[in-house]
$ cat query_34.cif   # mmCIF, C-alpha atoms
data_work
loop_
_atom_site.group_PDB
_atom_site.id
_atom_site.type_symbol
_atom_site.label_atom_id
_atom_site.label_comp_id
_atom_site.auth_asym_id
_atom_site.auth_seq_id
_atom_site.Cartn_x
_atom_site.Cartn_y
_atom_site.Cartn_z
ATOM 1 C CA MET A 1 0.000 0.000 0.000
ATOM 2 C CA GLU A 2 1.179 3.530 -0.797
ATOM 3 C CA PRO A 3 2.744 5.419 2.160
ATOM 4 C CA ALA A 4 0.280 8.293 1.639
ATOM 5 C CA ARG A 5 -2.685 5.996 2.153
ATOM 6 C CA LEU A 6 -1.072 4.363 5.185
ATOM 7 C CA ALA A 7 -0.393 7.800 6.674
ATOM 8 C CA ASP A 8 -4.023 8.776 6.073
ATOM 9 C CA HIS A 9 -5.307 5.619 7.779
ATOM 10 C CA ALA A 10 -2.918 6.213 10.689
ATOM 11 C CA GLU A 11 -4.141 9.781 11.119
ATOM 12 C CA ARG A 12 -7.793 8.662 11.093
ATOM 13 C CA ALA A 13 -6.962 6.022 13.709
ATOM 14 C CA ASP A 14 -5.092 8.603 15.806
ATOM 15 C CA ASP A 15 -2.002 6.386 15.613
ATOM 16 C CA ARG A 16 0.690 9.022 16.080
ATOM 17 C CA ALA A 17 3.594 6.585 15.794
ATOM 18 C CA ALA A 18 2.315 5.303 12.458
ATOM 19 C CA VAL A 19 1.808 8.845 11.162
ATOM 20 C CA LEU A 20 5.430 9.603 12.026
ATOM 21 C CA ALA A 21 6.494 6.427 10.248
ATOM 22 C CA TYR A 22 4.524 6.840 7.009
ATOM 23 C CA ALA A 23 4.014 10.580 6.438
ATOM 24 C CA PRO A 24 7.748 11.287 5.776
ATOM 25 C CA LEU A 25 7.837 8.328 3.362
ATOM 26 C CA ALA A 26 4.793 9.746 1.595
ATOM 27 C CA ALA A 27 6.542 13.123 1.377
ATOM 28 C CA GLN A 28 9.627 11.526 -0.112
ATOM 29 C CA ARG A 29 7.522 9.724 -2.699
ATOM 30 C CA ALA A 30 5.617 12.893 -3.620
ATOM 31 C CA SER A 31 8.839 14.885 -3.949
ATOM 32 C CA THR A 32 10.322 12.277 -6.277
ATOM 33 C CA LEU A 33 7.268 12.709 -8.503
ATOM 34 C CA GLY A 34 7.632 16.493 -8.466
ATOM 35 C CA ALA A 35 4.546 17.006 -6.262
ATOM 36 C CA HIS A 36 6.220 19.397 -3.837
ATOM 37 C CA THR A 37 3.035 20.940 -2.435
ATOM 38 C CA GLU A 38 1.781 17.460 -1.579
ATOM 39 C CA ALA A 39 5.147 16.582 -0.058
ATOM 40 C CA ALA A 40 4.960 19.658 2.169
ATOM 41 C CA ALA A 41 1.470 18.664 3.306
ATOM 42 C CA HIS A 42 2.714 15.206 4.348
ATOM 43 C CA LEU A 43 5.589 16.740 6.288
ATOM 44 C CA ARG A 44 3.234 19.090 8.108
ATOM 45 C CA ARG A 45 1.085 16.076 9.002
ATOM 46 C CA ALA A 46 4.118 14.423 10.599
ATOM 47 C CA LEU A 47 5.167 17.569 12.444
ATOM 48 C CA GLU A 48 1.685 18.050 13.904
ATOM 49 C CA VAL A 49 1.985 14.816 15.888
ATOM 50 C CA PHE A 50 5.649 15.192 16.840
ATOM 51 C CA PRO A 51 6.483 15.600 20.538
ATOM 52 C CA GLY A 52 7.530 19.128 21.438
ATOM 53 C CA SER A 53 10.925 18.278 22.973
ATOM 54 C CA PRO A 54 14.153 18.961 20.991
ATOM 55 C CA ASP A 55 14.735 16.129 18.565
ATOM 56 C CA ALA A 56 16.986 15.609 15.544
ATOM 57 C CA ASP A 57 14.208 13.908 13.578
ATOM 58 C CA ARG A 58 11.904 16.882 14.097
ATOM 59 C CA ALA A 59 14.650 19.304 13.038
ATOM 60 C CA GLY A 60 15.240 17.249 9.907
ATOM 61 C CA LEU A 61 11.529 17.285 9.053
ATOM 62 C CA LEU A 62 11.438 21.070 9.417
ATOM 63 C CA GLU A 63 14.468 21.424 7.177
ATOM 64 C CA GLU A 64 12.881 19.237 4.502
ATOM 65 C CA LEU A 65 9.573 21.109 4.833
ATOM 66 C CA GLY A 66 11.428 24.329 4.035
ATOM 67 C CA ARG A 67 12.934 22.766 0.922
ATOM 68 C CA GLN A 68 9.611 21.405 -0.327
ATOM 69 C CA CYS A 69 7.819 24.719 0.263
ATOM 70 C CA HIS A 70 10.585 26.517 -1.604
ATOM 71 C CA LEU A 71 10.262 24.236 -4.640
ATOM 72 C CA ALA A 72 6.479 24.630 -4.569
ATOM 73 C CA ASP A 73 6.959 28.436 -4.717
ATOM 74 C CA ASP A 74 5.548 28.876 -1.199
ATOM 75 C CA LEU A 75 8.443 31.090 -0.183
ATOM 76 C CA ASP A 76 6.859 32.519 2.957
ATOM 77 C CA GLY A 77 6.131 28.992 4.190
ATOM 78 C CA ALA A 78 9.669 27.964 3.293
ATOM 79 C CA LEU A 79 11.137 30.881 5.224
ATOM 80 C CA ARG A 80 9.145 30.035 8.370
ATOM 81 C CA ALA A 81 10.058 26.346 8.227
ATOM 82 C CA ARG A 82 13.740 27.059 7.663
ATOM 83 C CA GLN A 83 13.881 29.540 10.537
ATOM 84 C CA GLU A 84 12.304 26.908 12.772
ATOM 85 C CA ALA A 85 14.804 24.324 11.523
ATOM 86 C CA VAL A 86 17.746 26.560 12.454
ATOM 87 C CA GLU A 87 16.359 26.942 15.972
ATOM 88 C CA ALA A 88 15.572 23.229 16.239
ATOM 89 C CA TRP A 89 19.135 22.231 15.346
ATOM 90 C CA ARG A 90 20.433 24.786 17.848
ATOM 91 C CA GLU A 91 18.336 23.129 20.558
ATOM 92 C CA VAL A 92 19.632 19.704 19.520
ATOM 93 C CA GLY A 93 23.200 21.016 19.714
ATOM 94 C CA ASP A 94 24.329 19.927 16.247
ATOM 95 C CA ASP A 95 26.362 22.829 14.818
ATOM 96 C CA ARG A 96 27.026 21.140 11.480
ATOM 97 C CA ARG A 97 23.336 20.581 10.802
ATOM 98 C CA ARG A 98 22.502 24.054 12.083
ATOM 99 C CA GLY A 99 24.993 25.439 9.596
ATOM 100 C CA GLY A 100 23.292 23.496 6.823
ATOM 101 C CA ALA A 101 19.897 24.818 7.919
ATOM 102 C CA LEU A 102 21.271 28.368 7.869
ATOM 103 C CA VAL A 103 22.362 27.815 4.271
ATOM 104 C CA GLY A 104 18.826 26.696 3.434
ATOM 105 C CA LEU A 105 17.478 29.818 5.115
ATOM 106 C CA ALA A 106 19.849 31.942 3.024
ATOM 107 C CA ILE A 107 18.639 30.264 -0.174
ATOM 108 C CA THR A 108 15.000 31.095 0.498
ATOM 109 C CA ALA A 109 15.670 34.572 1.912
ATOM 110 C CA ALA A 110 17.546 35.452 -1.283
ATOM 111 C CA HIS A 111 14.298 34.901 -3.195
ATOM 112 C CA LEU A 112 12.379 37.463 -1.156
ATOM 113 C CA ALA A 113 13.424 41.062 -1.717
ATOM 114 C CA ARG A 114 12.539 42.103 1.825
ATOM 115 C CA GLU A 115 14.722 39.304 3.241
ATOM 116 C CA ILE A 116 17.913 39.556 1.186
ATOM 117 C CA THR A 117 19.753 41.085 4.143
ATOM 118 C CA LEU A 118 18.591 38.136 6.253
ATOM 119 C CA GLY A 119 19.952 35.789 3.565
ATOM 120 C CA GLU A 120 23.373 37.420 3.652
ATOM 121 C CA LYS A 121 23.440 37.309 7.455
ATOM 122 C CA ALA A 122 22.377 33.641 7.536
ATOM 123 C CA CYS A 123 24.997 32.693 4.954
ATOM 124 C CA ASP A 124 27.787 34.493 6.801
ATOM 125 C CA GLU A 125 26.709 32.862 10.060
ATOM 126 C CA ALA A 126 26.738 29.460 8.356
ATOM 127 C CA LEU A 127 30.232 30.034 6.974
ATOM 128 C CA ALA A 128 31.524 31.019 10.418
ATOM 129 C CA LEU A 129 29.837 28.051 12.078
ATOM 130 C CA LEU A 130 30.948 25.490 9.492
ATOM 131 C CA ALA A 131 34.531 26.716 9.298
ATOM 132 C CA GLY A 132 35.166 24.918 12.587
ATOM 133 C CA GLN A 133 33.694 21.650 11.318
ATOM 134 C CA PRO A 134 35.305 18.913 9.171
ATOM 135 C CA PRO A 135 34.927 19.738 5.443
ATOM 136 C CA GLY A 136 31.515 18.725 4.142
ATOM 137 C CA PRO A 137 28.760 19.537 1.642
ATOM 138 C CA GLU A 138 27.202 22.160 3.919
ATOM 139 C CA TYR A 139 30.305 24.366 3.767
ATOM 140 C CA ALA A 140 30.613 23.922 0.007
ATOM 141 C CA LEU A 141 26.990 24.971 -0.450
ATOM 142 C CA ALA A 142 27.495 27.979 1.850
ATOM 143 C CA CYS A 143 30.409 29.158 -0.322
ATOM 144 C CA ALA A 144 28.314 28.694 -3.454
ATOM 145 C CA ILE A 145 25.377 30.651 -2.012
ATOM 146 C CA ARG A 146 27.705 33.460 -0.922
ATOM 147 C CA GLY A 147 28.935 33.626 -4.490
ATOM 148 C CA LYS A 148 25.351 33.750 -5.770
ATOM 149 C CA LEU A 149 24.482 36.575 -3.377
ATOM 150 C CA SER A 150 27.497 38.485 -4.682
ATOM 151 C CA ALA A 151 26.307 37.917 -8.243
ATOM 152 C CA MET A 152 22.833 39.190 -7.375
ATOM 153 C CA ALA A 153 24.442 42.448 -6.215
ATOM 154 C CA PHE A 154 26.574 42.558 -9.409
ATOM 155 C CA ARG A 155 29.736 42.061 -7.406
ATOM 156 C CA ASN A 156 30.879 39.827 -10.231
ATOM 157 C CA ALA A 157 34.535 39.611 -9.248
ATOM 158 C CA ASP A 158 33.496 38.457 -5.762
ATOM 159 C CA ALA A 159 31.163 35.854 -7.264
ATOM 160 C CA VAL A 160 33.994 34.453 -9.380
ATOM 161 C CA ALA A 161 36.349 34.486 -6.388
ATOM 162 C CA TRP A 162 33.921 32.466 -4.245
ATOM 163 C CA GLY A 163 33.570 29.863 -6.983
ATOM 164 C CA GLU A 164 37.329 29.618 -7.490
ATOM 165 C CA ARG A 165 37.801 29.333 -3.733
ATOM 166 C CA LEU A 166 35.413 26.420 -3.689
ATOM 167 C CA LEU A 167 37.235 24.679 -6.546
ATOM 168 C CA ALA A 168 40.594 25.133 -4.841
ATOM 169 C CA MET A 169 39.223 23.912 -1.531
ATOM 170 C CA ALA A 170 37.805 20.767 -3.126
ATOM 171 C CA GLY A 171 41.059 19.901 -4.918
ATOM 172 C CA GLU A 172 41.575 16.942 -7.209
ATOM 173 C CA GLY A 173 38.957 14.245 -7.390
ATOM 174 C CA THR A 174 36.150 16.732 -6.843
ATOM 175 C CA GLY A 175 32.737 15.163 -7.326
ATOM 176 C CA PRO A 176 30.163 16.447 -9.825
ATOM 177 C CA LEU A 177 28.060 18.292 -7.253
ATOM 178 C CA GLU A 178 31.023 20.171 -5.788
ATOM 179 C CA ARG A 179 32.138 21.202 -9.286
ATOM 180 C CA ALA A 180 28.580 22.239 -10.151
ATOM 181 C CA LEU A 181 28.394 24.446 -7.057
ATOM 182 C CA ALA A 182 31.741 26.070 -7.859
ATOM 183 C CA LEU A 183 31.205 26.636 -11.577
ATOM 184 C CA LEU A 184 27.841 28.367 -11.217
ATOM 185 C CA PRO A 185 29.027 31.606 -9.518
ATOM 186 C CA ILE A 186 32.106 31.682 -11.757
ATOM 187 C CA GLY A 187 29.944 31.434 -14.865
ATOM 188 C CA ILE A 188 27.404 33.974 -13.607
ATOM 189 C CA GLY A 189 30.083 36.510 -12.697
ATOM 190 C CA ARG A 190 31.827 36.230 -16.051
ATOM 191 C CA ALA A 191 28.610 36.272 -18.091
ATOM 192 C CA GLN A 192 27.257 39.311 -16.249
ATOM 193 C CA ASP A 193 30.516 41.056 -17.095
ATOM 194 C CA GLY A 194 29.775 40.431 -20.780
ATOM 195 C CA ASP A 195 31.870 37.295 -21.356
ATOM 196 C CA VAL A 196 29.557 34.972 -23.269
ATOM 197 C CA SER A 197 31.808 31.987 -22.479
ATOM 198 C CA GLY A 198 30.527 32.255 -18.906
ATOM 199 C CA LEU A 199 27.287 30.697 -20.190
ATOM 200 C CA ASP A 200 29.170 27.502 -21.012
ATOM 201 C CA LEU A 201 30.343 27.301 -17.399
ATOM 202 C CA ILE A 202 26.754 27.700 -16.179
ATOM 203 C CA ALA A 203 25.624 25.011 -18.641
ATOM 204 C CA GLU A 204 28.378 22.701 -17.406
ATOM 205 C CA SER A 205 27.224 23.377 -13.845
ATOM 206 C CA VAL A 206 23.716 22.298 -14.862
ATOM 207 C CA ARG A 207 25.050 19.138 -16.521
ATOM 208 C CA LEU A 208 27.074 18.184 -13.455
ATOM 209 C CA ALA A 209 24.159 18.900 -11.120
ATOM 210 C CA ARG A 210 21.914 16.649 -13.190
ATOM 211 C CA GLU A 211 24.599 13.957 -13.156
ATOM 212 C CA ALA A 212 24.624 14.184 -9.350
ATOM 213 C CA SER A 213 20.781 14.138 -9.254
ATOM 214 C CA ALA A 214 20.959 17.569 -7.586
ATOM 215 C CA ASN A 215 17.760 18.732 -9.254
ATOM 216 C CA ASP A 216 17.390 21.888 -7.144
ATOM 217 C CA GLN A 217 20.825 23.068 -8.242
ATOM 218 C CA ALA A 218 20.166 22.204 -11.888
ATOM 219 C CA GLY A 219 16.926 24.201 -11.869
ATOM 220 C CA LEU A 220 18.774 27.185 -10.395
ATOM 221 C CA GLY A 221 21.378 26.966 -13.167
ATOM 222 C CA TYR A 222 18.701 26.945 -15.864
ATOM 223 C CA PHE A 223 17.145 30.030 -14.256
ATOM 224 C CA TRP A 224 20.417 31.956 -14.421
ATOM 225 C CA LEU A 225 21.080 30.927 -18.017
ATOM 226 C CA GLN A 226 17.783 32.414 -19.149
ATOM 227 C CA LEU A 227 17.997 35.498 -16.935
ATOM 228 C CA ILE A 228 21.423 36.496 -18.210
ATOM 229 C CA CYS A 229 20.711 35.673 -21.863
ATOM 230 C CA VAL A 230 17.505 37.687 -21.960
ATOM 231 C CA THR A 231 18.753 40.701 -20.013
ATOM 232 C CA ARG A 232 21.883 40.889 -22.176
ATOM 233 C CA ARG A 233 19.865 40.207 -25.343
ATOM 234 C CA TRP A 234 21.779 37.048 -26.157
ATOM 235 C CA TYR A 235 18.659 35.601 -27.724
ATOM 236 C CA ARG A 236 20.321 32.877 -29.784
ATOM 237 C CA GLU A 237 21.936 31.516 -26.639
ATOM 238 C CA ALA A 238 18.599 31.741 -24.778
ATOM 239 C CA GLU A 239 16.951 29.625 -27.474
ATOM 240 C CA ARG A 240 19.717 27.078 -27.131
ATOM 241 C CA TRP A 241 18.624 26.130 -23.603
ATOM 242 C CA TYR A 242 15.000 27.253 -23.204
ATOM 243 C CA ALA A 243 13.151 24.069 -24.239
ATOM 244 C CA GLU A 244 15.501 21.870 -22.211
ATOM 245 C CA ALA A 245 15.156 24.103 -19.159
ATOM 246 C CA LEU A 246 11.360 24.251 -19.323
ATOM 247 C CA SER A 247 11.083 20.489 -19.806
ATOM 248 C CA PHE A 248 13.356 19.808 -16.834
ATOM 249 C CA THR A 249 11.551 22.153 -14.450
ATOM 250 C CA GLU A 250 8.146 20.804 -15.504
ATOM 251 C CA GLU A 251 9.310 17.206 -15.067
ATOM 252 C CA HIS A 252 10.555 17.935 -11.545
ATOM 253 C CA GLY A 253 7.676 20.161 -10.459
ATOM 254 C CA GLN A 254 9.918 23.195 -9.911
ATOM 255 C CA GLU A 255 7.230 25.851 -10.050
ATOM 256 C CA VAL A 256 9.544 28.479 -8.587
ATOM 257 C CA TRP A 257 11.773 28.231 -11.706
ATOM 258 C CA ARG A 258 9.176 27.312 -14.324
ATOM 259 C CA GLN A 259 7.261 30.582 -13.916
ATOM 260 C CA TRP A 260 10.395 32.642 -14.406
ATOM 261 C CA LEU A 261 11.488 30.692 -17.468
ATOM 262 C CA ARG A 262 8.166 31.441 -19.147
ATOM 263 C CA ALA A 263 8.422 35.087 -18.129
ATOM 264 C CA PHE A 264 11.910 35.343 -19.634
ATOM 265 C CA ARG A 265 10.660 33.708 -22.824
ATOM 266 C CA SER A 266 7.841 36.247 -23.119
ATOM 267 C CA ARG A 267 10.271 39.081 -22.471
ATOM 268 C CA ALA A 268 12.594 37.833 -25.224
ATOM 269 C CA LEU A 269 9.759 37.516 -27.748
ATOM 270 C CA LEU A 270 8.508 41.011 -26.932
ATOM 271 C CA ASP A 271 11.991 42.489 -27.234
ATOM 272 C CA ARG A 272 12.606 40.829 -30.591
ATOM 273 C CA ALA A 273 9.234 41.957 -31.914
ATOM 274 C CA GLY A 274 9.711 45.495 -30.592
ATOM 275 C CA GLY A 275 12.693 46.354 -32.761
ATOM 276 C CA THR A 276 14.397 49.490 -31.476
ATOM 277 C CA ARG A 277 12.158 50.267 -28.526
ATOM 278 C CA PRO A 278 14.068 51.308 -25.345
ATOM 279 C CA ARG A 279 15.086 48.424 -23.153
ATOM 280 C CA ARG A 280 16.078 48.040 -19.534
ATOM 281 C CA SER A 281 19.711 47.424 -18.774
ATOM 282 C CA PRO A 282 20.608 44.018 -17.291
ATOM 283 C CA ARG A 283 21.153 45.704 -13.925
ATOM 284 C CA ARG A 284 17.703 47.321 -13.955
ATOM 285 C CA CYS A 285 16.019 44.096 -15.039
ATOM 286 C CA CYS A 286 17.691 42.094 -12.270
ATOM 287 C CA ALA A 287 16.785 44.782 -9.774
ATOM 288 C CA ARG A 288 13.157 44.481 -10.827
ATOM 289 C CA LEU A 289 13.301 40.696 -10.379
ATOM 290 C CA ALA A 290 14.768 41.170 -6.927
ATOM 291 C CA TRP A 291 12.031 43.660 -6.067
ATOM 292 C CA THR A 292 9.265 41.246 -6.996
ATOM 293 C CA THR A 293 10.681 37.995 -5.591
ATOM 294 C CA GLY A 294 14.347 38.390 -4.777
ATOM 295 C CA ALA A 295 14.935 35.780 -7.498
ATOM 296 C CA GLY A 296 18.533 34.708 -7.762
#

$ encode --input "query_34.cif" --output "structure tokens"
Amino acid sequence: MEPARLADHAERADDRAAVLAYAPLAAQRASTLGAHTEAAAHLRRALEVFPGSPDADRAGLLEELGRQCHLADDLDGALRARQEAVEAWREVGDDRRRGGALVGLAITAAHLAREITLGEKACDEALALLAGQPPGPEYALACAIRGKLSAMAFRNADAVAWGERLLAMAGEGTGPLERALALLPIGIGRAQDGDVSGLDLIAESVRLAREASANDQAGLGYFWLQLICVTRRWYREAERWYAEALSFTEEHGQEVWRQWLRAFRSRALLDRAGGTRPRRSPRRCCARLAWTTGAG
């Protein structure tokens, strides 16, 4: 029987232990199918019956709830869950996991214009916290997000430097996900400075992320490819990746990226049809995106 049905039966029977057993499995199944809103609902069901005392399992559920809400484009819900996850890991006393939760908080905060400062603060706190821990994926992701935040502010040299730092830190034998995380800010920084070859680095980041089954990271890379191509009027390059990007985000239920890809497509078609009409500069267009969602 499907975990979702078992979780439903358990809830109706007021069997809290069974709800805790099956609801997270149902969420995992829904997420795999790209049903992120449904996954978030299953996680909330599990959290409703969880004991109130500090617990690593509860902190992990909150962290995953934040991720699922983010992918479902429920950014306010994601922000609340990720803030709770940071506090939950603090209560548990696990600094490494708290650092990872702070990175998640930074990711969501960067998508909300009113919370970009919070995102920068959370990322810096994560970097400080994780610097005292053995090297791990949380620190690598924190470096990558710091580079992305620099790119959002058009501090392109800083974005490139964070990516290169991550590559140097990883050294030889770096896995595909680590390389994907490092190449993205490097590619963004170079492309925003007008170097079209930076797009190839972003595309390689996407390829490596897909190879590592890091679908969130791949979706982010597709977003940046389209954003930069359209704002710089590199329309031929935008066409090169648009269909692939839209298909990927639809397949994985990434509503937060899919809406922007369609918006960029419409913008490109309007620009090409409009001939010589005045256009916004890349900086102004990105600022408008940040005002509406903090997208980055």

$ resolve_selection --input "query_34.cif" --expression "the PyMOL selection byres ((chain A and resi 233) around 10)" --output "PyMOL selection string"
chain A and resi 227-232+234-238+268+271-272+279+281-282

$ atom_distance --input "query_34.cif" --atom1 "CA of Arg97 (chain A)" --atom2 "CA of Ala81 (chain A)"
14.7 Å

$ resolve_selection --input "query_34.cif" --expression "the PyMOL selection byres ((chain A and resi 142) around 7)" --output "MDAnalysis selection string"
chainID A and resid 103 123 126:127 138:141 143:146

$ write_last_selection --input "query_34.cif" --atoms "C-alpha atoms" --output "PDB file, in the coordinates of the input"
ATOM      1  CA  VAL A 103      22.362  27.815   4.271  1.00  0.00           C
ATOM      2  CA  CYS A 123      24.997  32.693   4.954  1.00  0.00           C
ATOM      3  CA  ALA A 126      26.738  29.460   8.356  1.00  0.00           C
ATOM      4  CA  LEU A 127      30.232  30.034   6.974  1.00  0.00           C
ATOM      5  CA  GLU A 138      27.202  22.160   3.919  1.00  0.00           C
ATOM      6  CA  TYR A 139      30.305  24.366   3.767  1.00  0.00           C
ATOM      7  CA  ALA A 140      30.613  23.922   0.007  1.00  0.00           C
ATOM      8  CA  LEU A 141      26.990  24.971  -0.450  1.00  0.00           C
ATOM      9  CA  CYS A 143      30.409  29.158  -0.322  1.00  0.00           C
ATOM     10  CA  ALA A 144      28.314  28.694  -3.454  1.00  0.00           C
ATOM     11  CA  ILE A 145      25.377  30.651  -2.012  1.00  0.00           C
ATOM     12  CA  ARG A 146      27.705  33.460  -0.922  1.00  0.00           C
TER      13      ARG A 146
END

$ resolve_selection --input "query_34.cif" --expression "the PyMOL selection byres ((chain A and resi 180) around 8)" --output "list in words"
Pro176, Leu177, Glu178, Arg179, Leu181, Ala182, Leu183, Leu184, Glu204, Ser205, Val206, Arg207, Leu208 and Ala209 of chain A

$ atom_distance --input "query_34.cif" --atom1 "CA of Ala35 (chain A)" --atom2 "CA of Arg96 (chain A)"
28.9 Å

$ closest_residue --input "query_34.cif" --among "A:Asp73, A:Glu91, A:Asp200, A:Glu48" --to "Trp257 (chain A)" --atoms "all atoms listed in the file"
A:Asp73

$ closest_residue --input "query_34.cif" --among "A:Glu239, A:Gly34, A:Arg44, A:Gly187" --to "Ala7 (chain A)" --atoms "only C-alpha atoms"
A:Arg44

$ atom_distance --input "query_34.cif" --atom1 "CA of Gly221 (chain A)" --atom2 "CA of Ile202 (chain A)"
6.2 Å

$ closest_residue --input "query_34.cif" --among "A:Met152, A:Ala13, A:Leu65, A:Val19" --to "Glu38 (chain A)" --atoms "all atoms listed in the file"
A:Leu65

$ closest_residue --input "query_34.cif" --among "A:Gly66, A:Ala46, A:Val92, A:Asp15" --to "Leu105 (chain A)" --atoms "all atoms listed in the file"
A:Gly66

$ axis_aligned_box --input "query_34.cif" --around "region 239-252 of chain A" --padding-each-side "8 Å" --output "JSON"
{"center_x": 13.9, "center_y": 23.4, "center_z": -19.5, "size_x": 27.6, "size_y": 28.4, "size_z": 31.9}
